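What's in work.tsv: TSV, C-alpha atoms
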```tsv
chain	number	residue	atom	x	y	z
W	3	MET	CA	19.25	33.02	37.52
W	4	PRO	CA	18.20	29.76	35.80
W	5	GLN	CA	19.85	28.84	32.50
W	6	ILE	CA	17.84	29.60	29.37
W	7	SER	CA	17.43	26.57	27.13
W	8	ARG	CA	18.51	27.54	23.63
W	9	ALA	CA	16.69	24.51	22.24
W	10	ASN	CA	13.41	26.25	23.08
W	11	CYS	CA	14.47	29.51	21.40
W	12	ILE	CA	14.91	28.33	17.82
W	13	PRO	CA	12.89	30.51	15.43
W	14	LYS	CA	10.31	28.72	13.31
W	15	GLN	CA	11.08	28.65	9.55
W	16	PHE	CA	8.95	27.63	6.57
W	17	ASP	CA	9.38	27.61	2.79
W	18	SER	CA	5.72	28.31	2.02
W	19	LEU	CA	2.95	30.50	3.38
W	20	PRO	CA	0.06	29.23	5.51
W	21	ASN	CA	-3.33	29.00	3.82
W	22	GLY	CA	-5.49	32.01	4.55
W	23	LEU	CA	-2.66	34.51	5.07
W	24	LEU	CA	-3.67	36.67	2.11
W	25	ASP	CA	-7.02	37.70	3.58
W	26	ILE	CA	-6.79	37.24	7.36
W	27	SER	CA	-7.16	40.26	9.66
W	28	VAL	CA	-4.17	41.39	11.67
W	29	ASN	CA	-5.87	40.73	15.01
W	30	ASN	CA	-6.54	37.11	13.96
W	31	LEU	CA	-3.07	36.53	12.52
W	32	ARG	CA	-1.90	34.68	15.64
W	33	THR	CA	-4.28	31.81	14.69
W	34	LEU	CA	-2.06	31.17	11.65
W	35	ILE	CA	1.28	32.41	13.03
W	36	PRO	CA	1.19	32.09	16.84
W	37	GLU	CA	4.88	32.91	17.40
W	38	PRO	CA	7.68	34.82	15.67
W	39	THR	CA	8.25	33.04	12.35
W	40	LEU	CA	10.34	33.27	9.16
W	41	PHE	CA	8.97	32.44	5.71
W	42	HIS	CA	11.56	31.97	2.94
W	43	LEU	CA	10.02	32.43	-0.52
W	44	PRO	CA	11.97	31.84	-3.76
W	45	GLY	CA	12.24	34.39	-6.55
W	46	LYS	CA	13.79	34.92	-9.98
W	47	ARG	CA	16.85	36.56	-8.44
W	48	PRO	CA	18.44	34.61	-5.60
W	49	GLU	CA	19.56	37.55	-3.43
W	50	THR	CA	16.95	37.82	-0.69
W	51	LEU	CA	14.96	40.83	0.42
W	52	PHE	CA	14.22	40.56	4.16
W	53	VAL	CA	11.05	42.22	5.45
W	54	SER	CA	10.00	42.30	9.10
W	55	VAL	CA	6.56	43.39	10.26
W	56	LEU	CA	4.67	43.58	13.54
W	57	LEU	CA	7.70	43.90	15.79
W	58	HIS	CA	5.19	46.13	17.55
W	59	GLY	CA	1.76	44.54	17.64
W	60	ASN	CA	-0.15	47.82	17.26
W	61	GLU	CA	1.66	48.80	14.04
W	62	SER	CA	-0.29	47.03	11.32
W	63	THR	CA	0.74	48.88	8.16
W	64	GLY	CA	3.69	46.57	7.45
W	65	PHE	CA	1.50	43.47	7.61
W	66	LEU	CA	-1.14	45.02	5.35
W	67	ALA	CA	1.53	46.09	2.84
W	68	VAL	CA	3.02	42.58	2.81
W	69	GLN	CA	-0.46	41.12	2.37
W	70	LYS	CA	-0.99	43.39	-0.63
W	71	LEU	CA	2.42	42.41	-2.05
W	72	LEU	CA	1.61	38.70	-1.73
W	73	GLN	CA	-1.78	39.22	-3.34
W	74	LYS	CA	-0.09	40.91	-6.33
W	75	TYR	CA	2.30	37.99	-6.89
W	76	HIS	CA	-0.12	35.20	-5.97
W	77	GLY	CA	0.35	32.37	-8.47
W	78	GLN	CA	3.46	33.86	-10.07
W	79	SER	CA	7.18	34.09	-9.35
W	80	LEU	CA	8.54	36.87	-7.18
W	81	PRO	CA	11.15	39.12	-8.84
W	82	ARG	CA	13.69	38.08	-6.17
W	83	GLY	CA	13.86	35.89	-3.09
W	84	LEU	CA	11.78	37.21	-0.19
W	85	THR	CA	12.04	36.34	3.50
W	86	LEU	CA	9.16	37.56	5.65
W	87	PHE	CA	9.39	37.81	9.41
W	88	PHE	CA	6.19	38.17	11.43
W	89	GLY	CA	6.94	39.39	14.95
W	90	ASN	CA	4.56	39.98	17.83
W	91	THR	CA	1.33	38.46	16.54
W	92	GLN	CA	0.11	37.85	20.10
W	93	ALA	CA	0.25	41.58	20.91
W	94	ALA	CA	-1.39	42.31	17.53
W	95	ARG	CA	-4.46	40.41	18.76
W	96	PHE	CA	-5.04	43.17	21.32
W	97	ASN	CA	-3.63	46.05	19.22
W	98	LEU	CA	-0.82	46.57	21.74
W	99	ARG	CA	2.82	47.45	21.17
W	100	ARG	CA	3.77	44.51	23.41
W	101	LEU	CA	2.09	42.43	26.09
W	102	ASP	CA	2.92	42.90	29.76
W	103	GLY	CA	5.93	40.76	30.55
W	104	GLN	CA	7.23	40.82	26.97
W	105	PRO	CA	10.32	42.77	25.94
W	106	ASP	CA	10.04	45.27	23.11
W	107	PHE	CA	10.59	43.18	19.97
W	108	ASN	CA	12.56	46.05	18.43
W	109	ARG	CA	15.07	46.21	21.28
W	110	ILE	CA	16.12	42.53	21.44
W	111	TRP	CA	18.46	42.25	18.45
W	112	PRO	CA	22.27	41.88	18.61
W	113	GLY	CA	23.76	44.97	20.22
W	114	THR	CA	20.92	45.15	22.75
W	115	ALA	CA	21.49	46.27	26.32
W	116	LEU	CA	18.76	43.88	27.51
W	117	PRO	CA	19.73	40.72	29.42
W	118	GLU	CA	19.68	37.40	27.60
W	119	SER	CA	16.18	36.01	27.11
W	120	PRO	CA	14.42	33.63	24.71
W	121	GLU	CA	13.68	36.66	22.53
W	122	THR	CA	17.29	37.90	22.33
W	123	ILE	CA	18.41	34.35	21.47
W	124	TRP	CA	16.00	33.85	18.57
W	125	ALA	CA	16.74	37.37	17.32
W	126	ALA	CA	20.46	36.56	17.19
W	127	GLN	CA	19.72	33.27	15.43
W	128	ILE	CA	17.62	35.06	12.80
W	129	CYS	CA	20.55	37.38	12.10
W	130	GLN	CA	22.82	34.39	11.62
W	131	ILE	CA	20.32	32.62	9.37
W	132	MET	CA	19.92	35.68	7.18
W	133	ARG	CA	23.63	36.50	7.10
W	134	GLU	CA	24.20	33.04	5.61
W	135	ARG	CA	21.46	33.64	3.01
W	136	LYS	CA	23.33	36.73	1.70
W	137	VAL	CA	20.58	39.30	2.12
W	138	PHE	CA	20.22	41.98	-0.57
W	139	ALA	CA	18.55	44.45	1.80
W	140	SER	CA	16.51	44.54	5.01
W	141	VAL	CA	13.28	46.49	5.57
W	142	ASP	CA	11.53	46.83	8.93
W	143	VAL	CA	8.09	48.45	8.69
W	144	HIS	CA	6.64	50.52	11.55
W	145	ASN	CA	3.98	53.07	12.41
W	146	ASN	CA	3.94	56.11	14.68
W	147	THR	CA	1.34	56.74	17.34
W	148	GLY	CA	1.81	60.51	17.01
W	149	LEU	CA	1.32	62.91	14.12
W	150	ASN	CA	4.44	62.40	11.94
W	151	PRO	CA	5.21	62.46	8.22
W	152	HIS	CA	6.44	59.31	6.50
W	153	TYR	CA	10.21	58.92	6.79
W	154	ALA	CA	12.95	56.31	6.63
W	155	CYS	CA	15.51	55.59	9.36
W	156	ILE	CA	19.04	54.34	8.75
W	157	ASN	CA	21.80	53.31	11.16
W	158	LYS	CA	24.77	53.80	8.85
W	159	LEU	CA	25.60	56.62	6.44
W	160	GLY	CA	26.96	54.40	3.68
W	161	LYS	CA	25.88	55.04	0.09
W	162	ASP	CA	23.62	51.98	-0.20
W	163	PHE	CA	21.86	52.81	3.08
W	164	LEU	CA	21.17	56.35	1.85
W	165	HIS	CA	19.91	55.10	-1.51
W	166	LEU	CA	17.62	52.58	0.18
W	167	GLY	CA	16.19	55.24	2.48
W	168	ALA	CA	15.78	57.75	-0.35
W	169	LEU	CA	13.76	55.17	-2.29
W	170	PHE	CA	11.05	55.66	0.38
W	171	GLY	CA	11.24	59.47	0.39
W	172	ARG	CA	13.47	62.48	0.86
W	173	LEU	CA	13.08	62.62	4.66
W	174	LEU	CA	15.75	60.45	6.34
W	175	VAL	CA	16.68	60.02	10.00
W	176	TYR	CA	20.07	58.63	11.05
W	177	PHE	CA	20.05	57.06	14.51
W	178	THR	CA	22.33	54.90	16.64
W	179	HIS	CA	20.19	54.86	19.80
W	180	PRO	CA	18.20	53.00	21.07
W	181	LYS	CA	20.31	49.87	20.88
W	182	GLY	CA	19.07	46.45	19.86
W	183	THR	CA	16.91	47.45	16.92
W	184	GLN	CA	16.36	45.10	13.99
W	185	SER	CA	17.75	47.54	11.42
W	186	SER	CA	20.95	48.23	13.36
W	187	ALA	CA	21.60	44.49	13.72
W	188	PHE	CA	21.00	43.74	10.03
W	189	GLY	CA	22.97	46.85	9.06
W	190	GLU	CA	26.12	44.96	10.05
W	191	PHE	CA	25.79	42.71	6.99
W	192	CYS	CA	23.44	44.39	4.48
W	193	PRO	CA	21.81	47.75	3.69
W	194	ALA	CA	18.96	48.14	6.17
W	195	VAL	CA	16.17	50.62	6.69
W	196	THR	CA	13.26	51.22	9.06
W	197	LEU	CA	10.14	52.67	7.48
W	198	GLU	CA	7.96	54.97	9.58
W	199	CYS	CA	4.60	54.99	7.79
W	200	GLY	CA	2.54	57.41	9.87
W	201	ARG	CA	-0.34	56.20	11.99
W	202	PRO	CA	-1.75	52.70	11.53
W	203	GLY	CA	-5.00	52.28	9.65
W	204	GLN	CA	-4.25	54.89	6.97
W	205	PRO	CA	-4.59	53.50	3.42
W	206	HIS	CA	-1.90	55.81	2.01
W	207	GLY	CA	0.57	54.41	4.55
W	208	THR	CA	-0.13	50.86	3.40
W	209	GLU	CA	0.15	51.91	-0.25
W	210	HIS	CA	3.44	53.75	0.34
W	211	ALA	CA	4.98	50.73	2.10
W	212	PHE	CA	3.66	48.35	-0.57
W	213	GLN	CA	5.12	50.43	-3.41
W	214	PHE	CA	8.47	50.60	-1.63
W	215	LEU	CA	8.63	46.84	-1.07
W	216	ASP	CA	7.66	46.17	-4.68
W	217	SER	CA	10.40	48.55	-5.84
W	218	CYS	CA	12.94	46.72	-3.67
W	219	LEU	CA	11.95	43.41	-5.26
W	220	HIS	CA	12.68	44.89	-8.70
W	221	LEU	CA	15.88	46.73	-7.74
W	222	HIS	CA	18.79	44.84	-9.35
W	223	GLU	CA	21.51	46.77	-7.52
W	224	PHE	CA	22.09	50.05	-5.74
W	225	PRO	CA	23.31	53.00	-7.82
W	226	ALA	CA	27.08	53.43	-8.00
W	227	GLN	CA	26.96	57.19	-7.51
W	228	PRO	CA	26.37	58.81	-4.10
W	229	VAL	CA	22.99	60.26	-3.16
W	230	ALA	CA	22.77	63.89	-4.26
W	231	LYS	CA	22.59	66.20	-1.25
W	232	GLN	CA	19.64	68.11	-2.75
W	233	ASP	CA	17.60	64.89	-3.01
W	234	VAL	CA	17.27	64.18	0.73
W	235	ASP	CA	16.69	65.95	4.02
W	236	LEU	CA	18.88	64.10	6.52
W	237	TYR	CA	18.50	64.41	10.31
W	238	HIS	CA	20.49	62.87	13.13
W	239	THR	CA	18.85	61.74	16.37
W	240	VAL	CA	20.86	63.29	19.20
W	241	ALA	CA	18.72	62.49	22.25
W	242	GLN	CA	15.86	60.31	23.46
W	243	VAL	CA	13.52	61.90	26.00
W	244	THR	CA	11.69	59.77	28.57
W	245	VAL	CA	9.57	60.52	31.63
W	246	ALA	CA	11.28	59.63	34.91
W	247	ASP	CA	9.89	56.37	36.31
W	248	GLU	CA	8.64	57.91	39.54
W	249	ILE	CA	6.85	60.80	37.81
W	250	SER	CA	3.14	60.59	36.97
W	251	TYR	CA	2.10	62.34	33.77
W	252	SER	CA	-1.03	63.14	31.84
W	253	PHE	CA	-2.41	65.27	29.04
W	254	SER	CA	-5.65	65.87	30.95
W	255	ASP	CA	-5.25	65.08	34.68
W	256	ALA	CA	-4.43	68.29	36.56
W	257	THR	CA	-3.21	66.28	39.58
W	258	ALA	CA	-0.38	64.55	37.68
W	259	ASP	CA	3.21	65.47	38.48
W	260	LEU	CA	3.77	66.41	34.84
W	261	ARG	CA	0.97	67.97	32.77
W	262	LEU	CA	1.94	67.58	29.13
W	263	ASP	CA	0.71	69.99	26.47
W	264	PRO	CA	-2.13	68.25	24.56
W	265	GLU	CA	-0.91	69.93	21.33
W	266	LEU	CA	2.58	68.41	21.62
W	267	GLU	CA	2.42	66.10	18.62
W	268	SER	CA	1.97	69.08	16.29
W	269	LEU	CA	5.65	69.84	16.96
W	270	ASN	CA	6.89	66.67	15.25
W	271	PHE	CA	9.41	67.39	12.46
W	272	THR	CA	9.20	71.11	13.18
W	273	GLU	CA	12.23	73.23	14.08
W	274	ILE	CA	11.47	74.48	17.59
W	275	SER	CA	13.38	77.20	19.41
W	276	ALA	CA	14.75	77.51	22.93
W	277	GLY	CA	11.94	78.26	25.36
W	278	THR	CA	9.37	75.97	23.73
W	279	VAL	CA	7.17	74.57	26.53
W	280	LEU	CA	6.46	70.81	26.64
W	281	GLY	CA	4.39	70.86	29.82
W	282	THR	CA	4.13	72.11	33.40
W	283	SER	CA	5.20	70.59	36.70
W	284	ASP	CA	5.05	71.48	40.39
W	285	SER	CA	7.77	68.97	41.21
W	286	GLU	CA	11.19	70.19	42.28
W	287	GLN	CA	12.65	67.29	40.29
W	288	MET	CA	13.17	67.54	36.52
W	289	PRO	CA	10.41	65.15	35.32
W	290	LEU	CA	12.06	64.33	31.96
W	291	ILE	CA	15.33	62.59	31.17
W	292	ALA	CA	17.27	63.08	27.94
W	293	ARG	CA	19.90	60.51	26.96
W	294	ASP	CA	22.40	60.68	24.12
W	295	ASN	CA	23.23	57.94	21.65
W	296	ASP	CA	25.44	56.19	24.20
W	297	GLY	CA	22.64	56.21	26.77
W	298	LYS	CA	24.32	58.89	28.89
W	299	PRO	CA	22.12	61.53	30.58
W	300	VAL	CA	22.27	64.88	28.77
W	301	THR	CA	19.12	66.39	30.22
W	302	GLU	CA	20.68	69.74	31.10
W	303	GLN	CA	21.78	70.22	27.49
W	304	PHE	CA	18.19	70.12	26.21
W	305	LEU	CA	15.71	70.70	29.04
W	306	THR	CA	15.05	72.98	31.99
W	307	VAL	CA	12.21	73.82	34.37
W	308	THR	CA	11.52	77.54	34.68
W	309	ASP	CA	8.65	78.82	36.83
W	310	GLY	CA	6.99	75.40	36.62
W	311	GLN	CA	7.33	75.20	32.83
W	312	VAL	CA	9.30	72.32	31.29
W	313	GLN	CA	11.13	73.97	28.41
W	314	ILE	CA	13.51	73.14	25.57
W	315	THR	CA	16.82	75.00	26.01
W	316	ARG	CA	18.14	74.93	22.41
W	317	GLN	CA	16.91	74.78	18.84
W	318	THR	CA	16.02	71.23	17.90
W	319	MET	CA	13.52	69.13	15.96
W	320	PRO	CA	11.40	66.54	17.83
W	321	SER	CA	9.98	63.36	16.34
W	322	MET	CA	7.61	60.65	17.59
W	323	LEU	CA	5.86	62.91	20.08
W	324	THR	CA	2.65	61.04	20.89
W	325	LEU	CA	-0.49	61.50	22.97
W	326	ASP	CA	-0.56	57.77	23.78
W	327	GLU	CA	0.34	57.67	27.49
W	328	ARG	CA	0.97	53.91	27.50
W	329	VAL	CA	3.45	54.16	24.62
W	330	ILE	CA	5.24	57.04	26.35
W	331	ARG	CA	5.90	54.79	29.36
W	332	GLN	CA	6.80	51.73	27.28
W	333	ASP	CA	9.09	53.63	24.91
W	334	CYS	CA	9.67	57.37	25.21
W	335	LEU	CA	8.11	60.81	24.96
W	336	CYS	CA	10.09	61.76	21.85
W	337	TYR	CA	13.42	61.95	20.08
W	338	LEU	CA	15.31	65.19	19.45
W	339	MET	CA	17.10	65.65	16.13
W	340	GLU	CA	19.48	68.00	14.35
W	341	ARG	CA	20.04	68.46	10.62
W	342	LEU	CA	22.97	66.52	9.18
W	343	ALA	CA	24.84	67.34	5.97
W	344	VAL	CA	24.90	64.64	3.28
W	345	GLU	CA	28.49	63.78	2.40
W	346	THR	CA	28.53	63.31	-1.35
W	347	GLY	CA	31.68	61.21	-1.17
W	348	ILE	CA	30.08	58.46	0.95
```

Do you think you could lay out the structure here as structure tokens?
Amino acid sequence: MPQISRANCIPKQFDSLPNGLLDISVNNLRTLIPEPTLFHLPGKRPETLFVSVLLHGNESTGFLAVQKLLQKYHGQSLPRGLTLFFGNTQAARFNLRRLDGQPDFNRIWPGTALPESPETIWAAQICQIMRERKVFASVDVHNNTGLNPHYACINKLGKDFLHLGALFGRLLVYFTHPKGTQSSAFGEFCPAVTLECGRPGQPHGTEHAFQFLDSCLHLHEFPAQPVAKQDVDLYHTVAQVTVADEISYSFSDATADLRLDPELESLNFTEISAGTVLGTSDSEQMPLIARDNDGKPVTEQFLTVTDGQVQITRQTMPSMLTLDERVIRQDCLCYLMERLAVETGI
């Protein structure tokens, strides 16, 4: 394998915003920001808030929320330092999660299982840059393709992580898999959160993200007391479910190996019982694969095929079920979660 030149993998950095950013459309953003870029903006308080958007090019809410935030403070000082990271603007042009041949920009960060690439190198360099800038908190803004409520994801159960997540809402998800996410990498040196803001294109998602970011700019410090257990609903991701590579699947094609239930996404964030049917299959092979937080197969603990029906075998709560067949192949069918008690002593 040829050596990767690190000189060509240095992330672009600027201390001011490009003209036109405040009113450009997301699909034209690559004309101003053609590659992953950092913008370091000064504020009244020096501790920096880091915000990443468009790690997935079809998830526009973060960009629109940042645009609204910049419009609010146009011509005046920010309450604290703000570093903005714009990710996959090339995929945003086509409203795609990622382009063919690109890695997933939310799987390339330190801790990733992916092989070294230009993307993993610049992601590691961004972490080092921001570690040296003493980040106050990190926020990565995303959308879902399926029908999901708004919720915040954290990778550590420390007090500041819980407070940061609870600032977005009472629904929190703790996850340690998949590896290589932006929030898990930044969580090694500052409180970090991933915001899941529902489907893209919904004004209330943009408003919710904007209000959260504005609150973070004004937050002087995290509360000293732990998060009260009655203030949050905390869930732990215990498995990621994918479709086996060799299996064809569809919500409408009766000839596919796996025929998924077209009402699947209505199960998101709903406690489902053993026997719940996800789809049907004529294949002798189990068409789905469940992996735990270490990436180990645990399919038999969660799934079975009975009389051609692909069923859940235990009570669980799915999230991120989507009807987008391309996203299912690029990412996963869903995650399975269990309720987690909030430790008030954390």

Pick from W:His222, W:His58, W:Arg261, W:Arg331, whichever lies nearest to Ala94 in chain W using only C-alpha atoms: W:His58

Could I get the residues of range 259-315 of chain W with an atom no further than 12 Å from an atom of range 224-246 of chain W, each paired with its nearest atom pair and that distance in Å to one decimal, using only C-alpha atoms, sorted by chain and residue number, as JSON lines?
```
{"residue": "W:Asp259", "atom": "CA", "partner": "W:Val245", "partner_atom": "CA", "distance": 10.6}
{"residue": "W:Leu260", "atom": "CA", "partner": "W:Val245", "partner_atom": "CA", "distance": 8.9}
{"residue": "W:Arg261", "atom": "CA", "partner": "W:Val245", "partner_atom": "CA", "distance": 11.4}
{"residue": "W:Leu262", "atom": "CA", "partner": "W:Val245", "partner_atom": "CA", "distance": 10.7}
{"residue": "W:Phe271", "atom": "CA", "partner": "W:Tyr237", "partner_atom": "CA", "distance": 9.8}
{"residue": "W:Thr272", "atom": "CA", "partner": "W:Tyr237", "partner_atom": "CA", "distance": 11.8}
{"residue": "W:Glu273", "atom": "CA", "partner": "W:Tyr237", "partner_atom": "CA", "distance": 11.5}
{"residue": "W:Leu280", "atom": "CA", "partner": "W:Val243", "partner_atom": "CA", "distance": 11.4}
{"residue": "W:Gly281", "atom": "CA", "partner": "W:Val245", "partner_atom": "CA", "distance": 11.7}
{"residue": "W:Ser285", "atom": "CA", "partner": "W:Ala246", "partner_atom": "CA", "distance": 11.8}
{"residue": "W:Gln287", "atom": "CA", "partner": "W:Ala246", "partner_atom": "CA", "distance": 9.5}
{"residue": "W:Met288", "atom": "CA", "partner": "W:Ala246", "partner_atom": "CA", "distance": 8.3}
{"residue": "W:Pro289", "atom": "CA", "partner": "W:Ala246", "partner_atom": "CA", "distance": 5.6}
{"residue": "W:Leu290", "atom": "CA", "partner": "W:Val245", "partner_atom": "CA", "distance": 4.6}
{"residue": "W:Ile291", "atom": "CA", "partner": "W:Thr244", "partner_atom": "CA", "distance": 5.3}
{"residue": "W:Ala292", "atom": "CA", "partner": "W:Val243", "partner_atom": "CA", "distance": 4.4}
{"residue": "W:Arg293", "atom": "CA", "partner": "W:Ala241", "partner_atom": "CA", "distance": 5.2}
{"residue": "W:Asp294", "atom": "CA", "partner": "W:Ala241", "partner_atom": "CA", "distance": 4.5}
{"residue": "W:Asn295", "atom": "CA", "partner": "W:Val240", "partner_atom": "CA", "distance": 6.3}
{"residue": "W:Asp296", "atom": "CA", "partner": "W:Ala241", "partner_atom": "CA", "distance": 9.4}
{"residue": "W:Gly297", "atom": "CA", "partner": "W:Gln242", "partner_atom": "CA", "distance": 8.6}
{"residue": "W:Lys298", "atom": "CA", "partner": "W:Ala241", "partner_atom": "CA", "distance": 9.4}
{"residue": "W:Pro299", "atom": "CA", "partner": "W:Ala241", "partner_atom": "CA", "distance": 9.0}
{"residue": "W:Val300", "atom": "CA", "partner": "W:Ala241", "partner_atom": "CA", "distance": 7.8}
{"residue": "W:Thr301", "atom": "CA", "partner": "W:Val243", "partner_atom": "CA", "distance": 8.3}
{"residue": "W:Glu302", "atom": "CA", "partner": "W:Ala241", "partner_atom": "CA", "distance": 11.6}
{"residue": "W:Gln303", "atom": "CA", "partner": "W:Ala241", "partner_atom": "CA", "distance": 9.8}
{"residue": "W:Phe304", "atom": "CA", "partner": "W:Ala241", "partner_atom": "CA", "distance": 8.6}
{"residue": "W:Leu305", "atom": "CA", "partner": "W:Val243", "partner_atom": "CA", "distance": 9.6}
{"residue": "W:Val312", "atom": "CA", "partner": "W:Val245", "partner_atom": "CA", "distance": 11.8}
{"residue": "W:Ile314", "atom": "CA", "partner": "W:Val243", "partner_atom": "CA", "distance": 11.2}
```

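The coordinates place CA of Ala168 in chain W at 13.1 Å from CA of Ala211 in chain W.
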
Straight-line distance linking CA of Asp17 in chain W with CA of Phe41 in chain W, stated in Å to one decimal: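 A separation of 5.7 Å between them.
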
Residue nearest Val55 in chain W - candidates W:Arg201, W:His144, W:Arg172, W:Lys74, atoms counted: only C-alpha atoms: W:His144

So that all listed atoms of range 309-325 of chain W fit with 8 Å spare on each side, what axis-aligned box centre and edge lengths in Å, to one decimal, would you give as lines of an AutoDock Vina configuration file?
```
center_x = 8.8
center_y = 69.7
center_z = 26.4
size_x = 34.6
size_y = 34.2
size_z = 36.9
```

Distance query Leu72 in chain W at most 10 Å, only C-alpha atoms, self and fewer than 6 positions along chain excluded, as a VMD selection string: chain W and resid 19 23 to 24 66 78 80 212

Expected file contents, prior selection, C-alpha atoms, as a PDB file, in the frame of the given file:
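Listing of selection_34.pdb after writing:
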```
ATOM      1  CA  LEU W  19       2.950  30.500   3.380  1.00  0.00           C
ATOM      2  CA  LEU W  23      -2.660  34.510   5.070  1.00  0.00           C
ATOM      3  CA  LEU W  24      -3.670  36.670   2.110  1.00  0.00           C
ATOM      4  CA  LEU W  66      -1.140  45.020   5.350  1.00  0.00           C
ATOM      5  CA  GLN W  78       3.460  33.860 -10.070  1.00  0.00           C
ATOM      6  CA  LEU W  80       8.540  36.870  -7.180  1.00  0.00           C
ATOM      7  CA  PHE W 212       3.660  48.350  -0.570  1.00  0.00           C
TER       8      PHE W 212
END
```

Between CA of Pro151 in chain W and CA of Gly200 in chain W, distance in Å (one decimal):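 Value for the CA of Pro151 in chain W-CA of Gly200 in chain W distance: 5.9 Å.
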
Nearest to Ser140 in chain W by atom-to-atom distance, counting only C-alpha atoms, from W:Leu173, W:Ile128, W:Ala194, W:Leu166: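 Closest candidate: W:Ala194.
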
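Taking all atoms listed in the file into account, Phe65 in chain W lies nearest to W:Leu86 out of the set W:Leu34, W:Leu51, W:Leu86, W:Leu164.
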